[in-house]
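To start, the structure under review is shown below, and the notes come after it.
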Amino acid sequence: DDPHVTQPKSTAHILPDAQTVTSVRHWTDGLFSFRVTRPASLRFRSGEFVMIGLLGDNGKPILRAYSIASPNWDEELEFYSIKVPDGPLTSKLQHIRPGDQIILRPKPVGTLVLDALLPGKRLWFLATGTGIAPFASLMRDPETFERYEQVIMMHTCRTKAELEYGRELVENLRHDPLLSEIHGDDFTDRLVYYPTTTREESPFMGRITDNLASGKVFADLGLPAMNPAEDRAMVCGSLAFNVDVKAVLESFGLHEGANSEPREFVVEKAFVGEGV
Ligand code: FAD
Ligand code: A2P
């Protein structure tokens, strides 16, 4: 009855790390999210990433880093993914359906964890594109709201459709009866959402870097300018975005921290791509 015996030789070695897809949702031609079973032994801190993948045609695993988008209390794991047309992994991964298996190496790591930040008043999540994934985890973790009075989610994409995954997530969170019970009726004020587009008209426009540097976001939200006494930030986007936003945060007097040395902000790449 050993399932290994009936497996082709090439897939046998990945079986211990196989997980089953439970649902898939396509948001745009270039974006989808999916949920998989969670290995019973997998513990992670909200905001961390793991290696996931599929078997390639040659029988070797194609593995890539993926932020876990679900919170650590969830019994399943959620991921939010790009579809790169010629991407070795995502050209295949975009076709998964419930019941399919993916490979998941259960070794979570990452810098976007609450322990890498000093205590403060407000926590800013700054993301472009699929960089919202780790914040989809942290937003749904009650510990985030135990540590900070207010969480501000700034998410920027080219178009409105690309914001939809995050918009729906925030909407659902704000109407979650359990969270309202825990945090009171003011939960809308505790989770502030500031989505912007850069290449399509929408209520709020512009790059995160520009909206921070100009002070527009502080004026729009009625908040004081970012300062090292009260504000903490987590950053996840393209390398160019990360570099530029880091300079803006430093201009407000915030310093980059790490797991080993908590400070005022932390940064992680949403993907490895062209440089600045
Ligand atoms: P690859 O050969 O890996 O990438 C081809 C090119 O596509 C890259 O050079 C880059 O220019 C572009 N690209 C890759 N990923 C993205 C992206 N997410 N957004 C925009 N352009 C991209 N990807 C996700 O979709 N969701 C995640 O949660 C996620 N988390 C990551 C966490 C970390 C720490 C890192 C380093 C990467 C993460 N990625 C994530 C990127 C992911 O690892 C893969 O690069 C992506 O799945 C594409 O794989 P691929 O084999 O199809 O193409
Ligand atoms: P823009 O349209 O002005 O380039 P991409 O799809 O290229 O990964 O970009 C996702 C979002 O991040 C876009 O809205 C884009 O704005 C924005 N963006 C890209 N690079 C930077 C950067 N260096 N600083 C701030 N925002 C950026």
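Within each chain, counting starts at residue 1; across the structure tokens, chains are named A, B, ... in the order shown, with ligands numbered 1 upward in that order.
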Test item: residues lying within 9 Å of ligand 1 with only C-alpha atoms and all ligand atoms, as an MDAnalysis selection string: chainID A and resid 31:33 48:53 62:69 79:93 109:111 128:134 236:238 268:274
Same residues, N, CA and C atoms, output as a compact mmCIF listing (two decimals), in the first residue's frame:
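Saved result, result_31.txt, follows:
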```txt
# COMPACT_ATOMS: atom_id res chain seq x y z
N LEU A 31 -2.76 37.83 -12.90
CA LEU A 31 -2.73 37.62 -11.44
C LEU A 31 -3.73 36.56 -11.01
N PHE A 32 -3.33 35.68 -10.11
CA PHE A 32 -4.28 34.72 -9.53
C PHE A 32 -3.87 34.39 -8.11
N SER A 33 -4.83 33.87 -7.34
CA SER A 33 -4.53 33.44 -5.98
C SER A 33 -5.02 32.01 -5.83
N GLU A 48 6.20 35.72 6.45
CA GLU A 48 7.33 34.94 5.93
C GLU A 48 7.02 34.31 4.56
N PHE A 49 8.07 33.83 3.88
CA PHE A 49 7.88 33.15 2.60
C PHE A 49 8.44 31.73 2.63
N VAL A 50 7.98 30.92 1.68
CA VAL A 50 8.46 29.54 1.53
C VAL A 50 8.79 29.30 0.05
N MET A 51 9.41 28.19 -0.25
CA MET A 51 9.66 27.79 -1.63
C MET A 51 8.53 26.87 -2.07
N ILE A 52 7.89 27.22 -3.19
CA ILE A 52 6.86 26.33 -3.73
C ILE A 52 7.16 26.06 -5.21
N GLY A 53 6.51 25.06 -5.78
CA GLY A 53 6.76 24.81 -7.20
C GLY A 53 6.02 23.60 -7.72
N ILE A 62 10.72 22.72 -10.16
CA ILE A 62 10.96 24.15 -10.43
C ILE A 62 10.41 24.87 -9.21
N LEU A 63 11.31 25.41 -8.39
CA LEU A 63 10.88 26.03 -7.13
C LEU A 63 11.13 27.53 -7.15
N ARG A 64 10.21 28.29 -6.56
CA ARG A 64 10.35 29.74 -6.45
C ARG A 64 9.91 30.18 -5.06
N ALA A 65 10.43 31.34 -4.64
CA ALA A 65 10.03 31.91 -3.35
C ALA A 65 8.63 32.48 -3.46
N TYR A 66 7.78 32.21 -2.49
CA TYR A 66 6.43 32.78 -2.42
C TYR A 66 6.10 33.20 -0.99
N SER A 67 5.63 34.43 -0.84
CA SER A 67 5.14 34.88 0.45
C SER A 67 3.87 34.11 0.78
N ILE A 68 3.73 33.71 2.01
CA ILE A 68 2.47 33.11 2.45
C ILE A 68 1.50 34.26 2.69
N ALA A 69 0.36 34.25 1.98
CA ALA A 69 -0.59 35.36 2.07
C ALA A 69 -1.62 35.15 3.17
N PHE A 79 -1.72 31.71 -1.42
CA PHE A 79 -0.66 32.40 -2.16
C PHE A 79 -1.31 33.31 -3.20
N TYR A 80 -0.59 34.39 -3.54
CA TYR A 80 -1.07 35.36 -4.53
C TYR A 80 0.02 35.48 -5.57
N SER A 81 -0.30 35.17 -6.82
CA SER A 81 0.76 35.00 -7.80
C SER A 81 0.60 35.79 -9.09
N ILE A 82 1.74 36.19 -9.61
CA ILE A 82 1.86 36.75 -10.95
C ILE A 82 1.76 35.60 -11.95
N LYS A 83 1.41 35.92 -13.22
CA LYS A 83 1.54 34.93 -14.30
C LYS A 83 2.55 35.54 -15.28
N VAL A 84 3.76 35.05 -15.26
CA VAL A 84 4.77 35.52 -16.21
C VAL A 84 4.63 34.65 -17.47
N PRO A 85 4.31 35.25 -18.63
CA PRO A 85 4.00 34.44 -19.83
C PRO A 85 5.02 33.33 -20.12
N ASP A 86 6.31 33.67 -20.07
CA ASP A 86 7.32 32.64 -20.34
C ASP A 86 8.02 32.18 -19.07
N GLY A 87 7.45 32.48 -17.93
CA GLY A 87 8.10 32.13 -16.66
C GLY A 87 8.16 30.62 -16.48
N PRO A 88 9.33 30.09 -16.12
CA PRO A 88 9.45 28.63 -15.96
C PRO A 88 8.38 28.05 -15.02
N LEU A 89 8.14 28.72 -13.88
CA LEU A 89 7.13 28.18 -12.96
C LEU A 89 5.72 28.68 -13.30
N THR A 90 5.53 29.98 -13.41
CA THR A 90 4.14 30.49 -13.46
C THR A 90 3.43 30.23 -14.78
N SER A 91 4.19 29.94 -15.86
CA SER A 91 3.50 29.57 -17.09
C SER A 91 2.76 28.24 -16.90
N LYS A 92 3.22 27.42 -15.95
CA LYS A 92 2.53 26.16 -15.63
C LYS A 92 1.59 26.33 -14.44
N LEU A 93 2.10 27.04 -13.40
CA LEU A 93 1.35 27.16 -12.14
C LEU A 93 -0.02 27.81 -12.37
N VAL A 109 10.93 31.51 5.96
CA VAL A 109 11.94 32.51 6.34
C VAL A 109 11.44 33.89 5.88
N GLY A 110 12.17 34.94 6.30
CA GLY A 110 11.83 36.27 5.79
C GLY A 110 12.04 37.37 6.80
N THR A 111 12.09 38.60 6.28
CA THR A 111 12.37 39.76 7.14
C THR A 111 11.11 40.53 7.52
N THR A 128 3.91 47.24 -3.85
CA THR A 128 3.49 47.34 -5.26
C THR A 128 3.21 45.92 -5.75
N GLY A 129 2.24 45.80 -6.66
CA GLY A 129 1.95 44.52 -7.31
C GLY A 129 1.73 43.37 -6.34
N THR A 130 2.35 42.22 -6.61
CA THR A 130 2.17 41.05 -5.74
C THR A 130 2.87 41.22 -4.40
N GLY A 131 3.56 42.34 -4.22
CA GLY A 131 4.19 42.64 -2.93
C GLY A 131 3.19 42.77 -1.80
N ILE A 132 1.90 42.79 -2.12
CA ILE A 132 0.89 42.85 -1.06
C ILE A 132 0.74 41.50 -0.33
N ALA A 133 1.26 40.42 -0.93
CA ALA A 133 1.04 39.07 -0.36
C ALA A 133 1.44 38.94 1.12
N PRO A 134 2.65 39.33 1.52
CA PRO A 134 2.98 39.17 2.95
C PRO A 134 2.08 39.99 3.86
N CYS A 236 7.49 45.92 0.50
CA CYS A 236 7.63 44.76 -0.38
C CYS A 236 7.23 45.12 -1.81
N GLY A 237 8.20 45.15 -2.70
CA GLY A 237 7.93 45.45 -4.10
C GLY A 237 9.12 45.11 -4.96
N SER A 238 9.17 45.70 -6.16
CA SER A 238 10.31 45.46 -7.05
C SER A 238 11.57 46.05 -6.42
N GLU A 268 11.59 43.68 1.92
CA GLU A 268 11.81 42.41 1.22
C GLU A 268 11.43 42.55 -0.25
N LYS A 269 12.19 41.89 -1.10
CA LYS A 269 11.88 41.93 -2.54
C LYS A 269 10.63 41.09 -2.82
N ALA A 270 9.74 41.61 -3.68
CA ALA A 270 8.55 40.84 -4.08
C ALA A 270 8.94 39.83 -5.16
N PHE A 271 10.06 40.08 -5.83
CA PHE A 271 10.57 39.16 -6.86
C PHE A 271 11.99 39.58 -7.21
N VAL A 272 12.69 38.71 -7.88
CA VAL A 272 14.04 39.04 -8.34
C VAL A 272 13.92 39.40 -9.81
N GLY A 273 14.19 40.64 -10.17
CA GLY A 273 14.05 41.04 -11.55
C GLY A 273 15.13 42.02 -11.94
N GLU A 274 14.84 42.79 -12.99
CA GLU A 274 15.83 43.80 -13.41
C GLU A 274 16.06 44.76 -12.26
```
field: Residues within 10 Å of A:Ile102, only C-alpha atoms, excluding chain neighbours under 3 positions, as a PyMOL selection string
entry: chain A and resi 14-15+17-21+36-37+52-55+61+63+93+96+99+105
File dump, residues just selected, N, CA and C atoms, as a PDB file, in the first residue's frame:
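Resulting contents of result_21.pdb:
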```pdb
ATOM      1  N   ILE A  14       9.573  13.932  -4.335  1.00  0.00           N
ATOM      2  CA  ILE A  14       8.903  15.154  -3.873  1.00  0.00           C
ATOM      3  C   ILE A  14       7.693  14.851  -3.017  1.00  0.00           C
ATOM      4  N   LEU A  15       7.255  13.597  -2.957  1.00  0.00           N
ATOM      5  CA  LEU A  15       6.014  13.291  -2.262  1.00  0.00           C
ATOM      6  C   LEU A  15       5.926  13.817  -0.838  1.00  0.00           C
ATOM      7  N   ASP A  17       6.827  16.511   0.287  1.00  0.00           N
ATOM      8  CA  ASP A  17       6.548  17.941   0.256  1.00  0.00           C
ATOM      9  C   ASP A  17       5.359  18.291  -0.637  1.00  0.00           C
ATOM     10  N   ALA A  18       4.552  17.324  -1.023  1.00  0.00           N
ATOM     11  CA  ALA A  18       3.398  17.620  -1.886  1.00  0.00           C
ATOM     12  C   ALA A  18       2.226  18.129  -1.045  1.00  0.00           C
ATOM     13  N   GLN A  19       1.527  19.169  -1.547  1.00  0.00           N
ATOM     14  CA  GLN A  19       0.304  19.666  -0.926  1.00  0.00           C
ATOM     15  C   GLN A  19      -0.768  19.758  -2.000  1.00  0.00           C
ATOM     16  N   THR A  20      -2.034  19.676  -1.569  1.00  0.00           N
ATOM     17  CA  THR A  20      -3.140  19.645  -2.521  1.00  0.00           C
ATOM     18  C   THR A  20      -3.807  21.010  -2.648  1.00  0.00           C
ATOM     19  N   VAL A  21      -4.032  21.431  -3.879  1.00  0.00           N
ATOM     20  CA  VAL A  21      -4.712  22.698  -4.156  1.00  0.00           C
ATOM     21  C   VAL A  21      -6.187  22.553  -3.765  1.00  0.00           C
ATOM     22  N   VAL A  36      -3.889  26.028  -0.655  1.00  0.00           N
ATOM     23  CA  VAL A  36      -3.449  24.626  -0.610  1.00  0.00           C
ATOM     24  C   VAL A  36      -3.550  24.113   0.821  1.00  0.00           C
ATOM     25  N   THR A  37      -3.520  22.787   0.963  1.00  0.00           N
ATOM     26  CA  THR A  37      -3.501  22.193   2.291  1.00  0.00           C
ATOM     27  C   THR A  37      -2.220  22.610   3.004  1.00  0.00           C
ATOM     28  N   ILE A  52       7.891  27.218  -3.193  1.00  0.00           N
ATOM     29  CA  ILE A  52       6.864  26.325  -3.733  1.00  0.00           C
ATOM     30  C   ILE A  52       7.159  26.064  -5.206  1.00  0.00           C
ATOM     31  N   GLY A  53       6.508  25.065  -5.778  1.00  0.00           N
ATOM     32  CA  GLY A  53       6.756  24.809  -7.196  1.00  0.00           C
ATOM     33  C   GLY A  53       6.024  23.598  -7.720  1.00  0.00           C
ATOM     34  N   LEU A  54       6.467  23.209  -8.905  1.00  0.00           N
ATOM     35  CA  LEU A  54       5.896  22.062  -9.621  1.00  0.00           C
ATOM     36  C   LEU A  54       7.047  21.254 -10.190  1.00  0.00           C
ATOM     37  N   LEU A  55       6.732  20.051 -10.624  1.00  0.00           N
ATOM     38  CA  LEU A  55       7.755  19.258 -11.313  1.00  0.00           C
ATOM     39  C   LEU A  55       7.869  19.740 -12.752  1.00  0.00           C
ATOM     40  N   PRO A  61      12.170  19.449  -9.809  1.00  0.00           N
ATOM     41  CA  PRO A  61      11.283  20.503  -9.289  1.00  0.00           C
ATOM     42  C   PRO A  61      11.707  21.895  -9.776  1.00  0.00           C
ATOM     43  N   LEU A  63      11.307  25.409  -8.389  1.00  0.00           N
ATOM     44  CA  LEU A  63      10.880  26.025  -7.134  1.00  0.00           C
ATOM     45  C   LEU A  63      11.126  27.526  -7.150  1.00  0.00           C
ATOM     46  N   LEU A  93       2.104  27.036 -13.400  1.00  0.00           N
ATOM     47  CA  LEU A  93       1.346  27.160 -12.143  1.00  0.00           C
ATOM     48  C   LEU A  93      -0.020  27.808 -12.365  1.00  0.00           C
ATOM     49  N   ILE A  96      -3.114  25.444 -12.502  1.00  0.00           N
ATOM     50  CA  ILE A  96      -3.508  24.504 -11.447  1.00  0.00           C
ATOM     51  C   ILE A  96      -5.010  24.602 -11.164  1.00  0.00           C
ATOM     52  N   GLY A  99      -7.517  20.007  -6.371  1.00  0.00           N
ATOM     53  CA  GLY A  99      -7.198  18.580  -6.464  1.00  0.00           C
ATOM     54  C   GLY A  99      -5.792  18.331  -6.976  1.00  0.00           C
ATOM     55  N   ARG A 105       8.112  23.390   0.133  1.00  0.00           N
ATOM     56  CA  ARG A 105       9.184  23.090   1.086  1.00  0.00           C
ATOM     57  C   ARG A 105       8.882  23.820   2.396  1.00  0.00           C
TER      58      ARG A 105
END
```
Non-local contacts of A:His155 (8 Å; only C-alpha atoms; under 5 positions in same chain excluded) as a short mmCIF file (atom, residue, chain, number, x, y, z; two decimals) with C-alpha atoms, in the first residue's frame:
```
data_model
loop_
_atom_site.label_atom_id
_atom_site.label_comp_id
_atom_site.auth_asym_id
_atom_site.auth_seq_id
_atom_site.Cartn_x
_atom_site.Cartn_y
_atom_site.Cartn_z
CA PHE A 125 2.55 48.38 4.81
CA LEU A 126 4.03 49.65 1.53
CA ALA A 127 3.55 47.37 -1.47
CA THR A 128 3.49 47.34 -5.26
CA GLY A 129 1.95 44.52 -7.31
CA ILE A 132 0.89 42.85 -1.06
CA LEU A 163 -5.75 46.27 -6.83
CA GLY A 166 -6.18 43.63 -1.80
CA TYR A 194 -4.77 53.73 0.66
CA PRO A 195 -4.77 52.13 -2.80
CA THR A 196 -3.38 54.07 -5.76
CA ILE A 208 3.90 55.40 -3.02
#
```
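Atom CA of A:Thr197 sits 12.7 Å away from atom CA of A:Thr209.
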- line: atom CA of A:Leu178 to atom CA of A:Asn72 measures 16.5 Å
message: Please identify the strand (DSSP E or B) residues within stretch 208-276 of chain A (assignment by DSSP from backbone atoms) and present them as an NGL selection string.
response: :A and (231-237 or 256 or 258 or 261 or 263 or 265-269)
Writing out the chosen residues with N, CA and C atoms as a PDB file, in the first residue's frame:
```pdb
ATOM      1  N   ASP A 231       6.173  55.935  13.934  1.00  0.00           N
ATOM      2  CA  ASP A 231       5.863  55.161  12.724  1.00  0.00           C
ATOM      3  C   ASP A 231       6.840  54.018  12.456  1.00  0.00           C
ATOM      4  N   ARG A 232       6.267  52.906  12.018  1.00  0.00           N
ATOM      5  CA  ARG A 232       7.060  51.735  11.595  1.00  0.00           C
ATOM      6  C   ARG A 232       6.583  51.355  10.197  1.00  0.00           C
ATOM      7  N   ALA A 233       7.439  50.727   9.413  1.00  0.00           N
ATOM      8  CA  ALA A 233       7.033  50.392   8.049  1.00  0.00           C
ATOM      9  C   ALA A 233       7.610  49.064   7.600  1.00  0.00           C
ATOM     10  N   MET A 234       6.853  48.400   6.738  1.00  0.00           N
ATOM     11  CA  MET A 234       7.309  47.187   6.067  1.00  0.00           C
ATOM     12  C   MET A 234       7.133  47.409   4.567  1.00  0.00           C
ATOM     13  N   VAL A 235       8.154  47.031   3.794  1.00  0.00           N
ATOM     14  CA  VAL A 235       8.191  47.342   2.366  1.00  0.00           C
ATOM     15  C   VAL A 235       8.311  46.062   1.551  1.00  0.00           C
ATOM     16  N   CYS A 236       7.494  45.922   0.496  1.00  0.00           N
ATOM     17  CA  CYS A 236       7.632  44.762  -0.383  1.00  0.00           C
ATOM     18  C   CYS A 236       7.225  45.123  -1.807  1.00  0.00           C
ATOM     19  N   GLY A 237       8.204  45.149  -2.701  1.00  0.00           N
ATOM     20  CA  GLY A 237       7.926  45.452  -4.103  1.00  0.00           C
ATOM     21  C   GLY A 237       9.121  45.114  -4.961  1.00  0.00           C
ATOM     22  N   GLU A 256      16.561  51.053   8.830  1.00  0.00           N
ATOM     23  CA  GLU A 256      16.233  49.674   8.473  1.00  0.00           C
ATOM     24  C   GLU A 256      16.660  48.707   9.581  1.00  0.00           C
ATOM     25  N   ALA A 258      16.290  44.412  11.243  1.00  0.00           N
ATOM     26  CA  ALA A 258      16.341  43.005  10.843  1.00  0.00           C
ATOM     27  C   ALA A 258      15.873  42.174  12.031  1.00  0.00           C
ATOM     28  N   GLU A 261      18.157  42.647  14.723  1.00  0.00           N
ATOM     29  CA  GLU A 261      18.262  44.005  15.259  1.00  0.00           C
ATOM     30  C   GLU A 261      17.031  44.824  14.866  1.00  0.00           C
ATOM     31  N   ARG A 263      14.405  47.600  14.207  1.00  0.00           N
ATOM     32  CA  ARG A 263      14.460  49.068  14.080  1.00  0.00           C
ATOM     33  C   ARG A 263      13.099  49.568  13.595  1.00  0.00           C
ATOM     34  N   PHE A 265      12.032  50.123  10.196  1.00  0.00           N
ATOM     35  CA  PHE A 265      11.412  49.537   9.001  1.00  0.00           C
ATOM     36  C   PHE A 265      12.189  48.326   8.503  1.00  0.00           C
ATOM     37  N   VAL A 266      11.502  47.483   7.742  1.00  0.00           N
ATOM     38  CA  VAL A 266      12.128  46.310   7.108  1.00  0.00           C
ATOM     39  C   VAL A 266      11.669  46.208   5.655  1.00  0.00           C
ATOM     40  N   VAL A 267      12.489  45.554   4.831  1.00  0.00           N
ATOM     41  CA  VAL A 267      12.268  45.507   3.382  1.00  0.00           C
ATOM     42  C   VAL A 267      12.444  44.082   2.878  1.00  0.00           C
ATOM     43  N   GLU A 268      11.587  43.678   1.916  1.00  0.00           N
ATOM     44  CA  GLU A 268      11.812  42.408   1.219  1.00  0.00           C
ATOM     45  C   GLU A 268      11.432  42.554  -0.254  1.00  0.00           C
ATOM     46  N   LYS A 269      12.190  41.888  -1.104  1.00  0.00           N
ATOM     47  CA  LYS A 269      11.880  41.929  -2.536  1.00  0.00           C
ATOM     48  C   LYS A 269      10.635  41.086  -2.820  1.00  0.00           C
TER      49      LYS A 269
END
```
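Restricting the calculation to only C-alpha atoms and all ligand atoms, the smallest distance between ligand 2 and any of A:Lys246, A:Arg97, A:Arg158, A:Arg190 is found for A:Arg158.
Across the model, the gap from atom CA of A:Phe145 to atom CA of A:Asn242 is 24.6 Å.
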Any idea what's packed within 7 Å of stretch 217-227 of chain A, counting only C-alpha atoms, ignoring anything in its chain fewer than 4 positions away? Could you give it as a PDB file with N, CA and C atoms, in the first residue's frame?
```pdb
ATOM      1  N   ASN A 211       3.782  59.945  -3.076  1.00  0.00           N
ATOM      2  CA  ASN A 211       2.733  60.317  -2.122  1.00  0.00           C
ATOM      3  C   ASN A 211       3.262  60.455  -0.695  1.00  0.00           C
ATOM      4  N   LEU A 212       4.331  59.747  -0.382  1.00  0.00           N
ATOM      5  CA  LEU A 212       4.978  59.911   0.933  1.00  0.00           C
ATOM      6  C   LEU A 212       5.830  61.179   0.929  1.00  0.00           C
ATOM      7  N   ASP A 231       6.173  55.935  13.934  1.00  0.00           N
ATOM      8  CA  ASP A 231       5.863  55.161  12.724  1.00  0.00           C
ATOM      9  C   ASP A 231       6.840  54.018  12.456  1.00  0.00           C
ATOM     10  N   PHE A 252      12.718  60.489   6.471  1.00  0.00           N
ATOM     11  CA  PHE A 252      11.850  60.777   7.626  1.00  0.00           C
ATOM     12  C   PHE A 252      12.524  60.385   8.945  1.00  0.00           C
ATOM     13  N   GLY A 253      13.751  59.871   8.874  1.00  0.00           N
ATOM     14  CA  GLY A 253      14.490  59.527  10.090  1.00  0.00           C
ATOM     15  C   GLY A 253      14.313  58.089  10.546  1.00  0.00           C
ATOM     16  N   LEU A 254      13.692  57.243   9.707  1.00  0.00           N
ATOM     17  CA  LEU A 254      13.527  55.833  10.074  1.00  0.00           C
ATOM     18  C   LEU A 254      14.764  55.046   9.618  1.00  0.00           C
TER      19      LEU A 254
END
```
